[in-house]
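Everything on this sheet refers to the single structure shown next.
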Amino acid sequence: MKTKGALVWDVNQPWVVEEIEIGDPRRGEVKVEMRAAGLCHSDHHLMTGDIPAADFPILGGHEGAGVITEVGPDVENLAVGDHVVMSFIPACGRCPACQAGMRNLCDLGMGLLAGASVSDGSFRIHTPAGRDVVAMSLVGTFAPYAVVHQYSVVKIDEDIPFEVACLVGCGVTTGYGSAVRTAGVTPGDDVAIVGIGGVGTAALQGARIAGARRIFAIDPVPWKRERATGFGATHTFADVESAVAGIAEATRGAMCGKVVVTVGRADGADVESWLGLTAKGGTCVLTAMGDVLASDTTLNLAGLTLLQKSLRGSIFGGGNPQFDIPELLTAYRLGQLNLDDMVTRTYSLEQINDGYRDMLEGRNIRGVIRYTEADRR
Ligand code: CXF
Ligand code: ZN
């Protein structure tokens with residue numbers, strides 16, 4: 001079918017909404033009418049080249065929710081009319097990582113930025129001139145329709161609004177799991193969250209739900225610090241330097257047993273400062289991403305060893321898409337997880353560059369594209 005999508009054609013070029021051709025669902029694939037798509041920072045990292053994709057052009061977007069309109073051969077447990085969330089990690093359930101319960105580390109993740117479909121290695125999206133288009137994370141939610149593999153789709157209940165559902169395909173599960181699963185926040189923990197965007201806000205809520213005692217939220221934007229308090233932060237700071245002093249005072253020098261780093265762009269130069277927030281024996285979780293090819297970092301090895309700290313990475317919050325996405329939406333339905341207030345502004349597809357400008361200028365916890373009939377014409 002002919003439709004349109006937001007593409008980037010080169011590093012640091014704006015998103016361009018233009019015509020694309022999407023193929024029919026092949027073996028194991030479904031077509032989804034997208035209803036909402038979240039504006040995650042990782043799509044911006046693709047645009048800046050911090051995360052390099054295999055080729056240009058790229059169809060952006062990996063947070064999405066919609067309705068299945070077509071089902072290809074050999075699709076199991078999904079039907080036309082089902083409401084679904086896209087998972088930015090495909091999970092096959094069969095590879096060693098999946099079998100070991102780490103579906104976020106599914107072997108198919110290797111091809112996340114290559115654009116070749118899981119079913120047969122072909123490209124499902126083309127420009128009108130016939131050029132292959134790389135779909136971000138094998139989904140490409142910045143288009144009103146997507147043809148994706150069943151491994152990238154999770155069925156959800158029909159009462160969940162699409163604009164909050166889309167966020168659990170990446171930001172919410174990533175942030176929540178970074179605190180609850182990877183950092184392992186337990187009742188009574190003191191926790192610091194560095195960076196209060198969509199992922200940080202979800203981490204903050206995860207820490208609160210897991211029973212954290214004090215939650216220190218760090219962000220340079222005053223409005224976001226206010227919102228952090230609303231989401232459960234007990235203390236807020238504008239930067240890591242003032243947080244070190246404030247947390248030392250509040251904890252009588254013990255610092256935080258759990259630290260979660262969810263800044264917009266991670267820089268290796270800051271690693272030691274994040275470990276400075278971390279208590280003896282504590283865990284610092286790095287969820288944020290920056291230049292993926294960079295390896296320079298500050299790290300005081302003696303501090304890591306002698307104070308027995310852990311530095312852990314986290315992808316998809318250490319979660320399993322098929323399990324965690326419905327679980328978190330149940331917590332939302334029960335009023336335990338506030339996703340409504342995470343959606344700061346909604347946009348049409350044509351307004352995508354406004355959405356990313358708002359994100360970069362600190363005006364959004366999460367911006368969301370809400371597809372309407374006008375986007376489908
Ligand atoms: C990213 C992680 C790196 C590959 C693309 C998706 N995660 C989500 O924001
Ligand atoms: Zn994301």
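Residue numbering restarts at 1 in every chain; chains get A, B, ... in the order shown in the structure tokens, and ligands count up from 1 in that same order.
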
Residues within 10 Å of ligand 2, counting only C-alpha atoms and all ligand atoms: report them as a PyMOL selection string.
chain A and resi 38-45+61-63+87-88+137+167-174+198-199+288+315-316

How would the residues just chosen look if you wrote them out with C-alpha atoms as a compact mmCIF listing (two decimals), in the first residue's frame?
```txt
# COMPACT_ATOMS: atom_id res chain seq x y z
CA GLY A 38 5.88 7.98 21.17
CA LEU A 39 8.76 10.35 20.46
CA CYS A 40 11.63 8.56 22.21
CA HIS A 41 15.11 10.06 22.39
CA SER A 42 16.60 7.02 20.59
CA ASP A 43 14.98 8.06 17.30
CA HIS A 44 16.72 11.40 17.72
CA HIS A 45 20.00 9.52 18.37
CA GLY A 61 9.63 5.38 15.46
CA HIS A 62 9.74 2.36 17.75
CA GLU A 63 7.07 3.25 20.33
CA SER A 87 7.93 -3.97 21.21
CA PHE A 88 11.18 -2.34 20.10
CA SER A 137 13.89 -1.24 15.53
CA LEU A 167 4.86 4.28 25.69
CA VAL A 168 5.15 0.83 27.25
CA GLY A 169 6.75 -0.43 24.01
CA CYS A 170 9.95 1.33 25.11
CA GLY A 171 10.17 4.26 27.55
CA VAL A 172 7.93 3.07 30.36
CA THR A 173 9.13 -0.54 30.45
CA THR A 174 12.73 0.59 30.06
CA GLY A 198 9.96 9.64 29.79
CA VAL A 199 12.39 6.93 30.87
CA ALA A 288 20.76 6.27 28.73
CA ILE A 315 18.13 -2.56 27.86
CA PHE A 316 14.33 -2.63 27.89
```

Rounded to one decimal in Å, what is the spacing between CA of Thr127 (chain A) and CA of Leu112 (chain A)?
20.0 Å

Which residue out of A:Ile58, A:Met102, A:Met136, A:Ala210 has the minimum interatomic distance to ligand 1 when only C-alpha atoms and all ligand atoms are used?
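Selected residue with least distance to ligand 1: A:Met136.
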
Neighbouring residues of Asn12 (chain A) were defined as those with any atom within 10 Å, considering only C-alpha atoms; residues of the same chain fewer than 3 positions away were excluded. Please report them as a ChimeraX atom specification.
/A:8-9,15,44-49

Write a file of the just-selected residues containing C-alpha atoms, as a PDB file, in the first residue's frame.
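What follows is the written file out-v8.pdb:
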```pdb
ATOM      1  CA  VAL A   8      15.602  10.848   7.773  1.00  0.00           C
ATOM      2  CA  TRP A   9      17.889  10.870   4.768  1.00  0.00           C
ATOM      3  CA  TRP A  15      12.412  14.350   9.618  1.00  0.00           C
ATOM      4  CA  HIS A  44      16.719  11.397  17.724  1.00  0.00           C
ATOM      5  CA  HIS A  45      20.002   9.520  18.366  1.00  0.00           C
ATOM      6  CA  LEU A  46      19.464   7.851  14.982  1.00  0.00           C
ATOM      7  CA  MET A  47      18.966  11.221  13.387  1.00  0.00           C
ATOM      8  CA  THR A  48      22.182  12.664  14.910  1.00  0.00           C
ATOM      9  CA  GLY A  49      24.172   9.534  14.078  1.00  0.00           C
TER      10      GLY A  49
END
```

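When only C-alpha atoms and all ligand atoms are used to compute distances to ligand 1, the closest of the residues A:Thr330, A:Thr287, A:Ser295, A:Asn300 turns out to be A:Thr287.
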
What lies within 8 Å of Ile160 (chain A) using only C-alpha atoms, ignoring chain neighbours under 4 positions off, as a VMD selection string?
chain A and resid 156 164 to 165 329 333

Report as a PyMOL selection string: the residues of region 5-70 of chain A with a DSSP assignment of strand (DSSP E or B), based on the backbone of this structure.
chain A and resi 5-8+16-22+29-38+58-59+63-70

Please save C-alpha atoms of the selected residues as a JSON list (two decimals), in the first residue's frame.
```
[["chain", "number", "residue", "atom", "x", "y", "z"],
["A", 5, "GLY", "CA", 6.08, 8.16, 6.90],
["A", 6, "ALA", "CA", 8.66, 10.36, 8.63],
["A", 7, "LEU", "CA", 12.09, 9.59, 7.17],
["A", 8, "VAL", "CA", 15.60, 10.85, 7.77],
["A", 16, "VAL", "CA", 10.66, 14.52, 6.25],
["A", 17, "VAL", "CA", 7.10, 13.25, 5.93],
["A", 18, "GLU", "CA", 6.80, 11.71, 2.48],
["A", 19, "GLU", "CA", 5.25, 8.91, 0.51],
["A", 20, "ILE", "CA", 6.37, 5.35, 1.22],
["A", 21, "GLU", "CA", 5.30, 1.95, -0.04],
["A", 22, "ILE", "CA", 4.59, -0.76, 2.56],
["A", 29, "GLU", "CA", 3.80, -10.81, 9.92],
["A", 30, "VAL", "CA", 0.84, -8.56, 10.71],
["A", 31, "LYS", "CA", -0.28, -5.19, 9.44],
["A", 32, "VAL", "CA", -1.05, -2.63, 12.14],
["A", 33, "GLU", "CA", -3.04, 0.56, 11.74],
["A", 34, "MET", "CA", -1.00, 2.79, 14.01],
["A", 35, "ARG", "CA", -3.00, 4.97, 16.36],
["A", 36, "ALA", "CA", -0.24, 6.54, 18.45],
["A", 37, "ALA", "CA", 3.56, 6.73, 18.42],
["A", 38, "GLY", "CA", 5.88, 7.98, 21.17],
["A", 58, "ILE", "CA", 15.34, 5.47, 7.93],
["A", 59, "LEU", "CA", 11.68, 5.36, 8.85],
["A", 63, "GLU", "CA", 7.07, 3.25, 20.33],
["A", 64, "GLY", "CA", 3.68, 2.51, 18.81],
["A", 65, "ALA", "CA", 0.21, 1.17, 19.50],
["A", 66, "GLY", "CA", -2.62, 0.35, 17.12],
["A", 67, "VAL", "CA", -5.02, -2.21, 15.72],
["A", 68, "ILE", "CA", -4.24, -5.26, 13.58],
["A", 69, "THR", "CA", -5.90, -4.99, 10.17],
["A", 70, "GLU", "CA", -4.30, -7.93, 8.36]]
```

Using only C-alpha atoms, determine which residues lie at most 12 Å from Ala243 (chain A), disregarding the query and same-chain residues fewer than 6 positions distant; provide the list as number ranges by chain.
A: 191-194, 215-220, 235-237, 249-251, 255-256, 259, 273-274, 276-278

Counting only C-alpha atoms, closest pick from A:Val244, A:Leu360, A:Cys95, A:Ile209 relative to Val221 (chain A) is A:Leu360

I need the alpha helix (DSSP H) residues of region 50-271 of chain A per DSSP on the backbone, written as an MDAnalysis selection string.
chainID A and resid 96:99 162:165 171:177 198:209 222:231 240:250 271

Taking a cut-off of 12 Å and counting only C-alpha atoms, can you build a table that, for each residue of region 186-210 of chain A near region 334-357 of chain A, reports the nearest atom pair and how far apart they are in Å (one decimal), sorted by chain then residue number, as a tab-separated table?
```
residue	atom	partner	partner_atom	distance
A:Ile196	CA	A:Met342	CA	10.6
A:Gly197	CA	A:Met342	CA	8.7
A:Gly198	CA	A:Met342	CA	6.6
A:Val199	CA	A:Met342	CA	9.7
A:Gly200	CA	A:Met342	CA	10.5
A:Thr201	CA	A:Met342	CA	7.5
A:Ala202	CA	A:Leu337	CA	8.4
A:Ala203	CA	A:Leu337	CA	10.9
A:Leu204	CA	A:Leu337	CA	10.5
A:Gln205	CA	A:Leu337	CA	6.8
A:Gly206	CA	A:Leu337	CA	8.3
A:Ala207	CA	A:Leu337	CA	11.2
A:Arg208	CA	A:Leu337	CA	9.8
A:Ile209	CA	A:Gln336	CA	7.6
A:Ala210	CA	A:Gln336	CA	11.2
```

Output for the residues just chosen: all heavy atoms as a short mmCIF file (atom, residue, chain, number, x, y, z; two decimals), in the first residue's frame:
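And here is the file that came out, again.cif:
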```cif
data_model
loop_
_atom_site.label_atom_id
_atom_site.label_comp_id
_atom_site.auth_asym_id
_atom_site.auth_seq_id
_atom_site.Cartn_x
_atom_site.Cartn_y
_atom_site.Cartn_z
N ILE A 196 15.05 13.44 34.04
CA ILE A 196 13.61 13.20 34.21
C ILE A 196 12.88 13.44 32.89
O ILE A 196 12.17 14.43 32.71
CB ILE A 196 13.06 14.10 35.36
CG1 ILE A 196 13.83 13.81 36.66
CG2 ILE A 196 11.57 13.86 35.58
CD1 ILE A 196 13.72 12.37 37.18
N GLY A 197 13.09 12.52 31.96
CA GLY A 197 12.27 12.49 30.74
C GLY A 197 11.29 11.34 30.88
O GLY A 197 10.90 10.98 31.99
N GLY A 198 10.90 10.76 29.73
CA GLY A 198 9.96 9.64 29.79
C GLY A 198 10.53 8.45 30.54
O GLY A 198 9.87 7.84 31.38
N VAL A 199 11.79 8.10 30.24
CA VAL A 199 12.39 6.93 30.87
C VAL A 199 12.62 7.21 32.36
O VAL A 199 12.33 6.37 33.22
CB VAL A 199 13.71 6.55 30.16
CG1 VAL A 199 14.36 5.36 30.82
CG2 VAL A 199 13.44 6.24 28.68
N GLY A 200 13.13 8.40 32.67
CA GLY A 200 13.39 8.76 34.07
C GLY A 200 12.12 8.79 34.91
O GLY A 200 12.10 8.36 36.06
N THR A 201 11.05 9.30 34.33
CA THR A 201 9.78 9.37 35.05
C THR A 201 9.26 7.97 35.35
O THR A 201 8.71 7.72 36.43
CB THR A 201 8.75 10.15 34.21
OG1 THR A 201 9.30 11.44 33.92
CG2 THR A 201 7.45 10.32 34.94
N ALA A 202 9.45 7.05 34.39
CA ALA A 202 9.03 5.67 34.63
C ALA A 202 9.93 5.00 35.67
O ALA A 202 9.45 4.22 36.51
CB ALA A 202 9.05 4.89 33.32
N ALA A 203 11.22 5.32 35.65
CA ALA A 203 12.14 4.77 36.66
C ALA A 203 11.74 5.26 38.05
O ALA A 203 11.72 4.50 39.02
CB ALA A 203 13.57 5.17 36.34
N LEU A 204 11.41 6.54 38.09
CA LEU A 204 10.98 7.15 39.36
C LEU A 204 9.73 6.44 39.91
O LEU A 204 9.67 6.08 41.10
CB LEU A 204 10.68 8.62 39.06
CG LEU A 204 10.74 9.67 40.14
CD1 LEU A 204 10.69 11.03 39.49
CD2 LEU A 204 9.66 9.52 41.16
N GLN A 205 8.79 6.21 39.03
CA GLN A 205 7.56 5.53 39.48
C GLN A 205 7.85 4.08 39.89
O GLN A 205 7.27 3.57 40.85
CB GLN A 205 6.50 5.56 38.38
CG GLN A 205 6.03 6.97 38.05
CD GLN A 205 4.71 6.94 37.31
OE1 GLN A 205 3.69 6.52 37.85
NE2 GLN A 205 4.73 7.40 36.07
N GLY A 206 8.76 3.44 39.16
CA GLY A 206 9.15 2.08 39.53
C GLY A 206 9.76 2.05 40.92
O GLY A 206 9.42 1.19 41.75
N ALA A 207 10.64 3.01 41.18
CA ALA A 207 11.29 3.08 42.50
C ALA A 207 10.24 3.30 43.59
O ALA A 207 10.28 2.66 44.66
CB ALA A 207 12.32 4.20 42.50
N ARG A 208 9.29 4.17 43.30
CA ARG A 208 8.23 4.46 44.29
C ARG A 208 7.40 3.19 44.56
O ARG A 208 7.18 2.82 45.70
CB ARG A 208 7.34 5.57 43.76
CG ARG A 208 6.34 6.12 44.77
CD ARG A 208 5.22 6.87 44.08
NE ARG A 208 4.37 5.98 43.31
CZ ARG A 208 3.95 6.21 42.05
NH1 ARG A 208 4.30 7.31 41.42
NH2 ARG A 208 3.19 5.33 41.43
N ILE A 209 6.99 2.52 43.49
CA ILE A 209 6.16 1.31 43.62
C ILE A 209 6.93 0.20 44.35
O ILE A 209 6.34 -0.56 45.13
CB ILE A 209 5.67 0.85 42.23
CG1 ILE A 209 4.67 1.87 41.67
CG2 ILE A 209 5.04 -0.55 42.28
CD1 ILE A 209 4.34 1.69 40.19
N ALA A 210 8.25 0.14 44.12
CA ALA A 210 9.06 -0.90 44.76
C ALA A 210 9.37 -0.58 46.22
O ALA A 210 10.01 -1.37 46.91
CB ALA A 210 10.36 -1.10 43.98
#
```

For the atom pair CA of Ile369 (chain A) and CA of Gly264 (chain A), what is the interatomic distance in Å to one decimal place?
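Answer for the CA of Ile369 (chain A) to CA of Gly264 (chain A) separation: 19.5 Å.
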
Record the distance separating CA of Asn77 (chain A) and atom 4 (C, counted along the ligand's line) of ligand 1, expressed in Å with one decimal.
26.7 Å
